[in-house]
Every structure is written in structure tokens, then in C-alpha cells.
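> start_1.cif is reproduced in full below (mmCIF, C-alpha atoms).
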```cif
data_work
#
loop_
_atom_site.label_atom_id
_atom_site.label_comp_id
_atom_site.auth_asym_id
_atom_site.auth_seq_id
_atom_site.Cartn_x
_atom_site.Cartn_y
_atom_site.Cartn_z
CA MET F 167 98.15 74.17 90.31
CA VAL F 168 95.63 75.98 92.53
CA LYS F 169 95.75 75.48 96.28
CA THR F 170 93.12 75.93 98.98
CA PRO F 171 93.95 79.03 101.03
CA ASN F 172 93.24 79.92 104.60
CA PRO F 173 90.91 82.93 104.21
CA ALA F 174 91.49 84.37 107.69
CA TRP F 175 93.90 87.10 106.59
CA LEU F 176 91.62 88.48 103.91
CA SER F 177 88.43 88.13 105.91
CA THR F 178 89.91 90.08 108.82
CA ALA F 179 91.20 92.90 106.64
CA ILE F 180 88.04 93.20 104.56
CA VAL F 181 85.76 93.21 107.59
CA ALA F 182 87.88 96.00 109.05
CA LEU F 183 88.01 98.04 105.85
CA ALA F 184 84.75 97.36 104.04
CA ILE F 185 81.84 97.56 106.46
CA ALA F 186 80.40 100.37 104.41
CA LEU F 187 80.88 98.51 101.16
CA VAL F 188 79.28 95.40 102.55
CA ALA F 189 76.35 97.48 103.76
CA VAL F 190 75.94 98.87 100.26
CA ALA F 191 76.08 95.37 98.85
CA CYS F 192 73.41 94.22 101.28
CA GLY F 193 71.29 97.21 100.31
CA ALA F 194 71.61 96.24 96.68
CA ASP F 195 70.34 92.77 97.52
CA ASP F 196 67.32 94.28 99.27
CA GLU F 197 66.54 96.39 96.24
CA ALA F 198 66.74 93.36 94.00
CA GLU F 199 63.81 91.66 95.70
CA PRO F 200 61.08 93.87 94.20
CA THR F 201 62.38 92.90 90.77
CA ALA F 202 61.64 89.27 91.52
CA VAL F 203 58.24 90.16 93.02
CA ALA F 204 57.39 92.26 90.00
CA THR F 205 57.23 89.11 87.90
CA GLN F 206 54.61 87.62 90.19
CA PRO F 207 51.50 89.19 88.61
CA THR F 208 52.26 87.43 85.34
CA VAL F 209 52.55 84.09 87.09
CA ALA F 210 49.63 84.82 89.35
CA THR F 211 47.22 85.01 86.38
CA VAL F 212 47.22 81.21 86.28
CA ALA F 213 43.67 80.57 87.42
CA THR F 214 44.06 77.51 89.60
CA GLN F 215 47.26 77.97 91.64
CA PRO F 216 48.20 81.61 92.21
CA THR F 217 49.56 80.92 95.69
CA VAL F 218 51.76 78.01 94.57
CA ALA F 219 53.24 79.83 91.60
CA THR F 220 54.37 82.81 93.65
CA PRO F 221 56.88 81.05 95.97
CA GLN F 222 58.28 79.04 93.08
CA THR F 223 59.02 82.23 91.17
CA THR F 224 60.66 84.03 94.09
CA GLN F 225 62.67 81.02 95.26
CA THR F 226 64.27 80.11 91.94
CA PRO F 227 66.66 83.11 91.55
CA THR F 228 67.81 82.74 95.15
CA THR F 229 68.72 79.06 94.92
CA THR F 230 69.97 78.67 91.38
CA ALA F 231 71.55 81.99 90.36
CA PRO F 232 75.36 81.83 90.04
CA PRO F 233 77.49 84.29 92.05
CA THR F 234 76.87 87.76 90.65
CA THR F 235 80.36 89.08 91.38
CA THR F 236 82.49 86.76 89.27
CA PRO F 237 81.22 87.93 85.82
CA LEU F 238 81.96 91.54 86.82
CA VAL F 239 85.69 90.92 86.49
CA GLU F 240 87.08 91.30 83.00
CA SER F 241 90.56 90.38 81.84
CA ALA F 242 93.03 93.22 82.41
CA GLY F 243 96.30 91.62 81.31
CA SER F 244 99.05 89.94 83.29
CA LEU F 245 100.36 90.43 86.80
CA GLU F 246 103.81 90.79 85.27
CA ASP F 247 103.55 94.55 84.72
CA LEU F 248 101.09 95.41 87.50
CA PHE F 249 102.07 98.10 90.00
CA ILE F 250 99.67 98.86 92.85
CA THR F 251 98.94 102.57 93.11
CA ASP F 252 96.51 104.54 95.26
CA THR F 253 93.75 103.96 92.70
CA THR F 254 94.29 100.22 92.10
CA THR F 255 91.35 98.16 93.33
CA GLY F 256 90.89 94.45 93.87
CA ARG F 257 88.93 94.29 90.61
CA GLU F 258 92.01 95.17 88.56
CA VAL F 259 94.10 92.57 90.37
CA MET F 260 91.43 89.91 89.93
CA GLY F 261 91.29 90.76 86.23
CA ARG F 262 94.90 89.68 85.88
CA ILE F 263 94.44 86.14 87.17
CA SER F 264 92.44 83.26 85.71
CA GLN F 265 88.79 82.46 86.31
CA THR F 266 89.84 79.30 88.12
CA GLU F 267 91.96 81.31 90.54
CA ARG F 268 89.15 83.82 91.10
CA ASP F 269 86.69 80.99 91.75
CA CYS F 270 89.09 79.54 94.31
CA LEU F 271 89.20 82.83 96.20
CA LEU F 272 85.45 83.34 95.88
CA ALA F 273 84.80 79.89 97.35
CA ALA F 274 87.27 80.54 100.16
CA ILE F 275 85.94 83.89 101.41
CA GLY F 276 82.34 83.95 100.20
CA GLU F 277 80.52 86.12 97.70
CA GLN F 278 79.87 89.07 100.00
CA LEU F 279 83.49 89.55 101.05
CA TYR F 280 84.71 88.84 97.54
CA GLY F 281 82.40 91.50 96.13
CA ALA F 282 83.60 94.00 98.72
CA MET F 283 87.23 93.20 97.94
CA LEU F 284 86.70 94.05 94.28
CA GLU F 285 86.02 97.66 95.22
CA LEU F 286 88.69 98.05 97.91
CA PRO F 287 91.94 99.97 97.32
CA MET F 288 94.56 97.24 97.12
CA LYS F 289 97.28 99.40 98.66
CA ARG F 290 95.22 99.83 101.80
CA LEU F 291 94.26 96.16 101.89
CA VAL F 292 97.87 95.03 101.49
CA GLY F 293 98.87 97.44 104.23
CA GLU F 294 96.33 95.87 106.58
CA VAL F 295 97.33 92.25 106.04
CA GLY F 296 101.09 92.71 105.47
CA THR F 297 103.13 90.80 102.95
CA SER F 298 103.50 87.71 105.09
CA GLY F 299 99.75 87.63 105.71
CA ALA F 300 99.16 87.51 101.97
CA GLY F 301 100.50 83.95 101.83
CA SER F 302 97.03 82.47 102.11
CA PHE F 303 95.77 84.52 99.18
CA LEU F 304 98.71 83.35 97.10
CA GLY F 305 97.61 79.80 97.83
CA CYS F 306 94.81 80.23 95.25
CA LEU F 307 97.23 81.16 92.47
CA THR F 308 99.16 79.12 89.93
CA ASP F 309 102.86 78.66 90.61
CA ASP F 310 103.86 81.36 88.13
CA ASN F 311 101.30 83.82 89.47
CA VAL F 312 102.62 83.21 92.99
CA VAL F 313 105.95 84.55 91.72
CA LEU F 314 104.38 87.49 89.88
CA MET F 315 101.93 88.47 92.61
CA GLY F 316 104.63 88.10 95.23
CA LEU F 317 106.76 90.65 93.40
CA VAL F 318 103.74 92.93 92.98
CA LEU F 319 103.15 92.89 96.74
CA ILE F 320 106.82 93.41 97.59
CA ASP F 321 107.04 96.41 95.27
CA SER F 322 103.80 97.78 96.74
CA HIS F 323 105.23 97.40 100.25
CA HIS F 324 108.19 99.57 99.24
CA GLY F 325 106.25 101.94 96.99
CA ARG F 326 108.33 100.97 93.96
CA THR F 327 107.17 101.43 90.35
CA ASP F 328 110.26 100.57 88.30
CA PRO F 329 109.40 98.48 85.17
CA GLU F 330 113.03 97.56 84.48
CA ALA F 331 113.61 96.32 88.03
CA ARG F 332 110.37 94.33 87.87
CA GLU F 333 111.33 92.65 84.61
CA CYS F 334 114.75 91.77 86.01
CA SER F 335 113.22 90.48 89.26
CA VAL F 336 110.68 88.33 87.41
CA ASP F 337 113.45 86.63 85.45
CA ALA F 338 115.42 85.91 88.64
CA ALA F 339 112.41 84.68 90.61
CA ARG F 340 111.20 82.40 87.83
CA GLU F 341 114.57 80.69 87.90
CA ASN F 342 114.03 79.87 91.60
CA PRO F 343 110.38 80.43 92.71
CA GLU F 344 111.27 79.34 96.24
CA VAL F 345 112.85 82.74 96.79
CA ILE F 346 109.33 84.23 96.63
CA ARG F 347 107.70 81.42 98.58
CA VAL F 348 110.11 81.86 101.45
CA ARG F 349 109.27 85.56 101.61
CA PHE F 350 105.58 84.80 102.06
CA GLU F 351 106.06 81.92 104.49
CA LEU F 352 104.92 79.39 101.89
CA LEU F 353 108.20 77.50 102.15
CA ARG F 354 108.43 75.53 105.36
CA PRO F 355 110.14 72.25 104.45
CA ALA F 356 112.74 70.43 106.47
CA PHE F 357 115.98 72.31 106.08
CA GLU F 358 117.62 69.36 104.32
CA ALA F 359 115.13 69.75 101.45
CA THR F 360 116.05 73.38 100.85
CA ASP F 361 118.97 74.70 98.85
CA ALA F 362 119.75 77.68 101.07
CA ASP F 363 122.70 78.75 98.92
CA ALA F 364 120.42 78.94 95.88
CA LEU F 365 117.88 80.91 97.92
CA PHE F 366 120.54 83.43 98.87
CA ASP F 367 121.86 83.68 95.30
CA SER F 368 118.36 84.35 93.95
CA SER F 369 117.63 86.84 96.71
CA LYS F 370 120.87 88.65 95.88
CA GLU F 371 119.95 88.69 92.17
CA ILE F 372 116.61 90.34 92.94
CA PHE F 373 118.36 92.82 95.24
CA ASP F 374 120.81 93.63 92.43
CA CYS F 375 117.86 94.35 90.12
CA LEU F 376 116.95 97.39 92.22
CA LYS F 377 118.20 100.89 91.73
CA VAL F 378 120.89 101.85 94.22
CA ALA F 379 118.55 104.17 96.14
CA ASP F 380 116.01 101.35 96.49
CA GLN F 381 118.72 98.96 97.69
CA VAL F 382 119.66 101.40 100.44
CA ASP F 383 115.99 101.81 101.35
CA VAL F 384 115.75 98.04 101.84
CA LEU F 385 118.85 98.01 104.05
CA VAL F 386 117.64 100.92 106.20
CA ARG F 387 114.19 99.35 106.67
CA LEU F 388 115.73 96.00 107.47
CA THR F 389 118.13 97.44 110.04
CA THR F 390 115.29 99.34 111.70
CA ARG F 391 113.05 96.25 111.88
CA LEU F 392 115.82 94.03 113.21
CA ASP F 393 116.61 96.65 115.83
CA GLN F 394 112.97 96.86 116.94
CA GLU F 395 112.84 93.10 117.43
CA ASP F 396 116.23 92.93 119.17
CA THR F 397 116.78 92.39 122.88
CA PHE F 398 120.25 93.96 122.82
CA THR F 399 120.14 97.29 124.71
CA GLY F 400 122.35 100.15 125.81
CA GLN F 401 122.95 98.28 129.05
CA ASP F 402 124.53 95.43 127.03
CA ILE F 403 126.59 97.95 125.09
CA VAL F 404 128.01 99.58 128.21
CA ALA F 405 128.75 96.19 129.76
CA MET F 406 131.01 95.35 126.79
CA LEU F 407 132.91 98.65 126.73
CA PRO F 408 136.12 99.62 128.51
CA GLU F 409 135.46 102.04 131.37
CA GLU F 410 136.85 105.06 129.55
CA GLU F 411 134.55 104.54 126.54
CA ALA F 412 131.46 104.08 128.72
CA SER F 413 132.43 107.22 130.66
CA CYS F 414 132.77 109.16 127.42
CA ILE F 415 129.17 108.26 126.49
CA ARG F 416 127.92 109.17 129.97
CA GLU F 417 129.64 112.56 129.84
CA ARG F 418 128.32 113.39 126.38
CA VAL F 419 124.67 112.61 127.08
CA GLY F 420 124.49 113.57 130.76
CA GLU F 421 123.19 111.51 133.67
CA GLU F 422 119.49 111.82 132.84
CA LEU F 423 119.82 110.80 129.18
CA PHE F 424 122.36 108.13 130.07
CA ALA F 425 119.62 106.32 131.98
CA VAL F 426 117.52 106.44 128.79
CA PHE F 427 120.51 105.19 126.78
CA LEU F 428 120.82 102.12 129.00
CA GLY F 429 117.26 101.00 128.22
CA ALA F 430 117.34 101.85 124.50
CA THR F 431 117.85 99.55 121.53
CA VAL F 432 121.05 99.94 119.54
CA THR F 433 119.48 102.26 116.96
CA GLU F 434 117.59 104.26 119.58
CA ALA F 435 120.79 104.70 121.56
CA PHE F 436 123.00 106.06 118.78
CA ALA F 437 120.73 107.57 116.11
CA PRO F 438 119.87 110.74 118.11
CA ALA F 439 123.56 111.42 118.81
CA VAL F 440 125.79 109.99 116.10
CA SER F 441 128.79 111.59 117.77
CA LEU F 442 128.53 108.96 120.50
CA LEU F 443 130.22 106.55 118.11
CA ASP F 444 133.30 108.74 118.42
CA CYS F 445 133.60 107.46 121.98
CA LEU F 446 134.23 103.93 120.72
CA THR F 447 137.39 102.47 119.27
CA LEU F 448 137.12 100.44 116.06
CA ALA F 449 137.73 97.30 118.10
CA SER F 450 134.74 98.11 120.34
CA LYS F 451 132.52 98.94 117.37
CA THR F 452 133.25 95.68 115.60
CA ALA F 453 132.88 93.67 118.81
CA LEU F 454 129.49 95.27 119.41
CA PHE F 455 128.45 94.68 115.80
CA ALA F 456 129.29 91.00 116.16
CA ALA F 457 127.36 90.82 119.43
CA PHE F 458 124.12 92.36 118.29
CA SER F 459 124.29 90.55 114.95
CA SER F 460 124.29 87.31 116.94
CA SER F 461 121.38 88.51 119.06
CA ARG F 462 119.31 89.25 115.95
CA VAL F 463 119.82 85.88 114.26
CA ASP F 464 119.07 82.93 116.52
CA GLY F 465 121.84 80.35 116.37
CA LEU F 466 124.35 82.55 114.54
CA ARG F 467 127.79 81.07 115.10
CA GLU F 468 130.31 83.19 116.97
CA GLU F 469 132.76 82.90 114.09
CA ALA F 470 130.09 84.19 111.69
CA GLY F 471 129.58 87.26 113.84
CA VAL F 472 133.34 87.84 114.01
CA CYS F 473 133.61 87.43 110.23
CA MET F 474 130.88 90.02 109.68
CA ALA F 475 132.47 92.40 112.15
CA THR F 476 135.83 92.05 110.38
CA LEU F 477 134.27 93.02 107.05
CA VAL F 478 132.52 95.93 108.75
CA ALA F 479 135.86 97.23 109.98
CA ASP F 480 136.61 98.13 106.35
CA SER F 481 133.07 99.45 105.76
CA PRO F 482 132.37 102.51 107.90
CA HIS F 483 129.01 103.06 106.24
CA ILE F 484 127.81 99.55 107.04
CA LEU F 485 129.04 99.95 110.60
CA ALA F 486 127.12 103.22 110.94
CA LEU F 487 124.05 101.61 109.36
CA GLY F 488 124.18 98.78 111.89
CA PHE F 489 124.19 101.31 114.73
CA GLY F 490 121.35 103.28 113.13
CA ALA F 491 123.69 106.24 112.80
CA LEU F 492 123.89 106.60 109.00
CA ASP F 493 122.34 109.56 107.18
CA VAL F 494 121.92 108.07 103.70
CA ASP F 495 120.80 111.43 102.30
CA GLU F 496 124.35 112.70 102.74
CA LEU F 497 125.95 109.90 100.70
CA GLU F 498 127.13 110.26 97.14
CA GLU F 499 125.81 107.88 94.48
CA SER F 500 129.10 105.98 94.47
CA GLU F 501 128.93 105.61 98.26
CA LEU F 502 125.38 104.30 98.04
CA ALA F 503 126.44 101.71 95.48
CA ARG F 504 129.31 100.61 97.70
CA LEU F 505 126.93 100.35 100.66
CA GLY F 506 124.75 97.80 98.84
CA ASN F 507 127.70 95.73 97.68
CA GLU F 508 129.33 95.67 101.11
CA ALA F 509 126.09 94.69 102.81
CA ALA F 510 125.70 91.72 100.47
CA ARG F 511 129.25 90.59 101.30
CA LEU F 512 128.23 90.00 104.92
CA PHE F 513 126.24 86.96 103.80
CA ASP F 514 129.48 85.29 102.72
CA CYS F 515 130.18 84.82 106.43
CA LEU F 516 127.11 82.62 106.89
CA ASN F 517 126.73 78.90 106.33
CA ALA F 518 123.71 77.47 104.49
CA GLU F 519 121.62 77.00 107.64
CA GLU F 520 122.26 80.57 108.76
CA VAL F 521 121.35 81.90 105.32
CA TYR F 522 118.02 80.10 105.53
CA GLN F 523 117.41 81.47 109.03
CA VAL F 524 118.16 85.01 107.88
CA LEU F 525 115.89 84.76 104.83
CA THR F 526 113.00 83.55 106.99
CA LEU F 527 113.33 86.21 109.70
CA PRO F 528 110.04 88.16 109.94
CA ALA F 529 111.95 91.39 109.36
CA VAL F 530 113.38 90.00 106.11
CA VAL F 531 110.11 88.44 104.96
CA GLU F 532 108.36 91.76 105.37
CA GLN F 533 111.01 93.52 103.30
#
```
Could you rewrite the structure in this file as C-alpha cells?

Amino acid sequence: MVKTPNPAWLSTAIVALAIALVAVACGADDEAEPTAVATQPTVATVATQPTVATPQTTQTPTTTAPPTTTPLVESAGSLEDLFITDTTTGREVMGRISQTERDCLLAAIGEQLYGAMLELPMKRLVGEVGTSGAGSFLGCLTDDNVVLMGLVLIDSHHGRTDPEARECSVDAARENPEVIRVRFELLRPAFEATDADALFDSSKEIFDCLKVADQVDVLVRLTTRLDQEDTFTGQDIVAMLPEEEASCIRERVGEELFAVFLGATVTEAFAPAVSLLDCLTLASKTALFAAFSSSRVDGLREEAGVCMATLVADSPHILALGFGALDVDELEESELARLGNEAARLFDCLNAEEVYQVLTLPAVVEQ
């Protein structure tokens, strides 16, 4: 099934990236006109109507010729094993989908933009529109290609080129395509129509397909994005701490930097000086973790935050990750593996509605 996309995302990115290419394409059109005029002398030899024959000859190619860009795309295989590199262009991607899907996109954005897209580096184009912005493009694809292209874009976003992880992810996503649709904001039904538990299970399966280092990369990126979008600041942190712990932080950073600390996000506050965590008791750390977890997920139940904080009490690496104070480069392979497993356990604290909310957070969608 092929849908009708909203072309705004692609039009905006292509206009921004391909002015030069479009200019070249327009130049090519200008050069094509003499070819049509060159045929005029032959027609003009008709004795009685030289002036009538000329416009008929020049008009016909303009009004009846099919789009010239579509035949330029040749089949290049399946999306299943496609990885977007620095040299991958739109032409290669288009060669891995059907003619019907290409025609859908061509009709949506027009021949000029479509032709420019064929020559654009896909990595740069994807970077311009973002993974969530690609949802409209996916609307032109068959259901199975939505799954495959979704995984292509996610891997491109992370710079991953692991064939084994891709094969594993494809199998998991085909079992529950909604796990890809939710990532690209193509899944917006009433909550009652969505099996949030199944979405989480499939998301966890795809996460488990990744190498341990890639799992940690996802967690670090996610923590950073959530922190950037959070309203919880150093001022909130200090307000929750016993006086002696707040004083410890003030003494360690000094009065001038303490003023900066008060206005910083959680990660900004602790990442430059990991030793500040030493000022906090485990009880304060877990209470803070519960508090800013709740601030990052709208509607998160208090008991869910407490549950997550309790698990974190036994997971110092997760706690440090949540505060932006974890140096993953210093962790052993076994510690990295444990980090991924412990992070996934936090979802056990959430009910189905909270799982759905988490999976549709912009920071998660973009991961």
C-alpha cells in the first residue's frame, strides 16, 4: 500500500541543499531547446504552412514527454542491506524501491526537486530533515519498505554499518512494524488501539540486536537529549538537598561557579565536575533521579519514579549516566553490557501508558 506524503520536509531540505543542482538542471533544460528547434528546418520545408508546422513541433515534446528523471533510476537491490555512507546518493536509495513508490514521490515533490534529490548525498539530506521529518517520505513506501527504510535511517543517524545487527533488527521490526512507525511519528492512534507492551518488547529486541558499544551510544545520546529538553535545573537540585550536601557543592565549585550551577541542567551541572556527586548521599541521588525522571516524562507516576530510583540504587553506572557524569570510555566490556541490561530494566517500572509516552518522546524518536 502506497500513501500520499506531505512533501514539505523534503522540499525544504532540497531547496536548502540543492540550489546549485537545480540551477544545473535548469541549464540542461535550456540547452535542450536548440535540439527541438534543430528539427524545424525539416518540417519547415512543407511548402504551404511553414509557420504552423514550427510551433507544433516545438510544443509536442514539452506537453507530452514523460518525466525524464524516472527512467534514470535503475534497480539496485533491496533496502534490507542498504547502509548510507558519505557517497550514497538519492539515486541509489530510489533504485531500491519500486517504480510505483518512486512515482508517488515524484508526483508529490515535482520533477525538478526529484531530479535534484537523485544527486544529493543522502547522509546530508537525512541530517537536514531528521529522522522524524522523514515520516512523510516513508508515506510513499509499501508497509515492508517503511520498516526497512526506517531502519536504514536510524542506522544512518547513528553512523552504524553492522550487517548482523541490521538483519536481527529487520526480523524484530517485521514482527511488529508499529515499532518503526512510532519512531517516525506515523503511529498516532488512540492509546486504546495500541499495544504499548508489544511496542516496548519490540523496541527492546531491536536494542538487544546492537553491539554493546552501540547500545551505550544510544543511552548516552538519549540521556543528553532528555537533559537538553528538561526544565529541571541546579536550583531544583539544591532545593531538594539537605543543607550540608548543598554546602558541600557550593564549597567545591566556589561562589561564582555555584551561580552557574543553579541555572544549569542536570547534565551541565555535574558533567564538568563528577566529584560533585560525592557530596550527595545515595538517598539524595536516588531521590533526585526520581524527580528529574518525572520531569522528563509528562505524567510519569510518582511510584514509577521511585521504582526506577530504587533500581538505580543498585546500578551506580546508570545513576552516573542519569547525572551526565559517566565516562563510558573507562568502562570494561562487561560493565558496558551490564549498563545496557540495567537501563532496560527501568522500563519494568512503567505501565503501558507510560511506555507509550516514553517511546513517542521526541528524544526517543530521534534515537
> Which residues match the PyMOL selection byres ((chain F and resi 382-390) around 9) in the file above, as an NGL selection string?
:F and (324 or 373 or 377-381 or 391-395 or 433 or 487-490 or 492 or 494 or 502-503 or 505-506 or 509 or 529-530 or 532-533)
> Once the PyMOL selection byres ((chain F and resi 522) around 9) has been evaluated on this model, what residues remain selected, and can you format them as a PyMOL selection string?
chain F and resi 357+360-363+365-366+517-521+523-527
> Which is closer to Asp396 in chain F than all the others in F:Asp374, F:Asp367, F:Glu330, F:Glu434, using all atoms listed in the file?
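Closest to Asp396 in chain F, using all atoms listed in the file: F:Glu434.
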> Quick one: apply the PyMOL selection byres ((chain F and resi 332) around 12) to the file and drop the selected residues here as a PyMOL selection string.
chain F and resi 245-249+313-322+326-331+333-340+371-377
> For the residues in that selection, give me C-alpha atoms as a PDB file, in the frame of the given file.

```pdb
ATOM      1  CA  LEU F 245     100.360  90.430  86.800  1.00  0.00           C
ATOM      2  CA  GLU F 246     103.810  90.790  85.270  1.00  0.00           C
ATOM      3  CA  ASP F 247     103.550  94.550  84.720  1.00  0.00           C
ATOM      4  CA  LEU F 248     101.090  95.410  87.500  1.00  0.00           C
ATOM      5  CA  PHE F 249     102.070  98.100  90.000  1.00  0.00           C
ATOM      6  CA  VAL F 313     105.950  84.550  91.720  1.00  0.00           C
ATOM      7  CA  LEU F 314     104.380  87.490  89.880  1.00  0.00           C
ATOM      8  CA  MET F 315     101.930  88.470  92.610  1.00  0.00           C
ATOM      9  CA  GLY F 316     104.630  88.100  95.230  1.00  0.00           C
ATOM     10  CA  LEU F 317     106.760  90.650  93.400  1.00  0.00           C
ATOM     11  CA  VAL F 318     103.740  92.930  92.980  1.00  0.00           C
ATOM     12  CA  LEU F 319     103.150  92.890  96.740  1.00  0.00           C
ATOM     13  CA  ILE F 320     106.820  93.410  97.590  1.00  0.00           C
ATOM     14  CA  ASP F 321     107.040  96.410  95.270  1.00  0.00           C
ATOM     15  CA  SER F 322     103.800  97.780  96.740  1.00  0.00           C
ATOM     16  CA  ARG F 326     108.330 100.970  93.960  1.00  0.00           C
ATOM     17  CA  THR F 327     107.170 101.430  90.350  1.00  0.00           C
ATOM     18  CA  ASP F 328     110.260 100.570  88.300  1.00  0.00           C
ATOM     19  CA  PRO F 329     109.400  98.480  85.170  1.00  0.00           C
ATOM     20  CA  GLU F 330     113.030  97.560  84.480  1.00  0.00           C
ATOM     21  CA  ALA F 331     113.610  96.320  88.030  1.00  0.00           C
ATOM     22  CA  GLU F 333     111.330  92.650  84.610  1.00  0.00           C
ATOM     23  CA  CYS F 334     114.750  91.770  86.010  1.00  0.00           C
ATOM     24  CA  SER F 335     113.220  90.480  89.260  1.00  0.00           C
ATOM     25  CA  VAL F 336     110.680  88.330  87.410  1.00  0.00           C
ATOM     26  CA  ASP F 337     113.450  86.630  85.450  1.00  0.00           C
ATOM     27  CA  ALA F 338     115.420  85.910  88.640  1.00  0.00           C
ATOM     28  CA  ALA F 339     112.410  84.680  90.610  1.00  0.00           C
ATOM     29  CA  ARG F 340     111.200  82.400  87.830  1.00  0.00           C
ATOM     30  CA  GLU F 371     119.950  88.690  92.170  1.00  0.00           C
ATOM     31  CA  ILE F 372     116.610  90.340  92.940  1.00  0.00           C
ATOM     32  CA  PHE F 373     118.360  92.820  95.240  1.00  0.00           C
ATOM     33  CA  ASP F 374     120.810  93.630  92.430  1.00  0.00           C
ATOM     34  CA  CYS F 375     117.860  94.350  90.120  1.00  0.00           C
ATOM     35  CA  LEU F 376     116.950  97.390  92.220  1.00  0.00           C
ATOM     36  CA  LYS F 377     118.200 100.890  91.730  1.00  0.00           C
TER      37      LYS F 377
END
```
> For CA of Glu258 in chain F and CA of Asp309 in chain F, determine how far apart the two atoms are, in Å to one decimal place.
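Distance between the two atoms: 19.9 Å.
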> Quote the spacing between CA of Gly465 in chain F and CA of Ala453 in chain F in Å to one decimal place.
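A separation of 17.5 Å between them.
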> Using only C-alpha atoms and a cutoff of 6 Å, can you tell me which residues are near (129.7, 90.6, 114.0) in the file's coordinates, and write them out as a PyMOL selection string?
chain F and resi 455-457+459+471-472+474-475
> With all atoms listed in the file as the counted atoms, please give the residues lying no more than 12 Å from range 401-418 of chain F, apart from itself and same-chain residues fewer than 5 positions off, as a ChimeraX atom specification.
/F:396,423-433,435-436,439-458,461,489
> Please determine, counting all atoms listed in the file, which residue among F:Val239, F:Met283, F:Ile275, F:Val312 has the shortest atom-to-atom distance to Gly256 in chain F.
F:Met283
> Could you work out how far CA of Asp480 in chain F lies from CA of Asp495 in chain F, giving the answer in Å with one decimal?
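Interatomic distance here is 21.1 Å.
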> Excluding Arg257 in chain F and residues on its chain fewer than 4 positions from it, collect all residues at most 12 Å away from it, counting only C-alpha atoms, and give them as a ChimeraX atom specification.
/F:235-242,250,253,261-263,268,280-288
> Go ahead and write the residues just picked, C-alpha atoms, as an mmCIF file, keeping the file's coordinate frame.

```cif
data_model
loop_
_atom_site.group_PDB
_atom_site.id
_atom_site.type_symbol
_atom_site.label_atom_id
_atom_site.label_comp_id
_atom_site.auth_asym_id
_atom_site.auth_seq_id
_atom_site.Cartn_x
_atom_site.Cartn_y
_atom_site.Cartn_z
ATOM 1 C CA THR F 235 80.360 89.080 91.380
ATOM 2 C CA THR F 236 82.490 86.760 89.270
ATOM 3 C CA PRO F 237 81.220 87.930 85.820
ATOM 4 C CA LEU F 238 81.960 91.540 86.820
ATOM 5 C CA VAL F 239 85.690 90.920 86.490
ATOM 6 C CA GLU F 240 87.080 91.300 83.000
ATOM 7 C CA SER F 241 90.560 90.380 81.840
ATOM 8 C CA ALA F 242 93.030 93.220 82.410
ATOM 9 C CA ILE F 250 99.670 98.860 92.850
ATOM 10 C CA THR F 253 93.750 103.960 92.700
ATOM 11 C CA GLY F 261 91.290 90.760 86.230
ATOM 12 C CA ARG F 262 94.900 89.680 85.880
ATOM 13 C CA ILE F 263 94.440 86.140 87.170
ATOM 14 C CA ARG F 268 89.150 83.820 91.100
ATOM 15 C CA TYR F 280 84.710 88.840 97.540
ATOM 16 C CA GLY F 281 82.400 91.500 96.130
ATOM 17 C CA ALA F 282 83.600 94.000 98.720
ATOM 18 C CA MET F 283 87.230 93.200 97.940
ATOM 19 C CA LEU F 284 86.700 94.050 94.280
ATOM 20 C CA GLU F 285 86.020 97.660 95.220
ATOM 21 C CA LEU F 286 88.690 98.050 97.910
ATOM 22 C CA PRO F 287 91.940 99.970 97.320
ATOM 23 C CA MET F 288 94.560 97.240 97.120
#
```
> Within 10 Å of Ser264 in chain F, counting all atoms listed in the file, which residues show up once you throw out same-chain ones fewer than 6 positions away? Write them as a PyMOL selection string, please.
chain F and resi 241+244+270+307-308+311
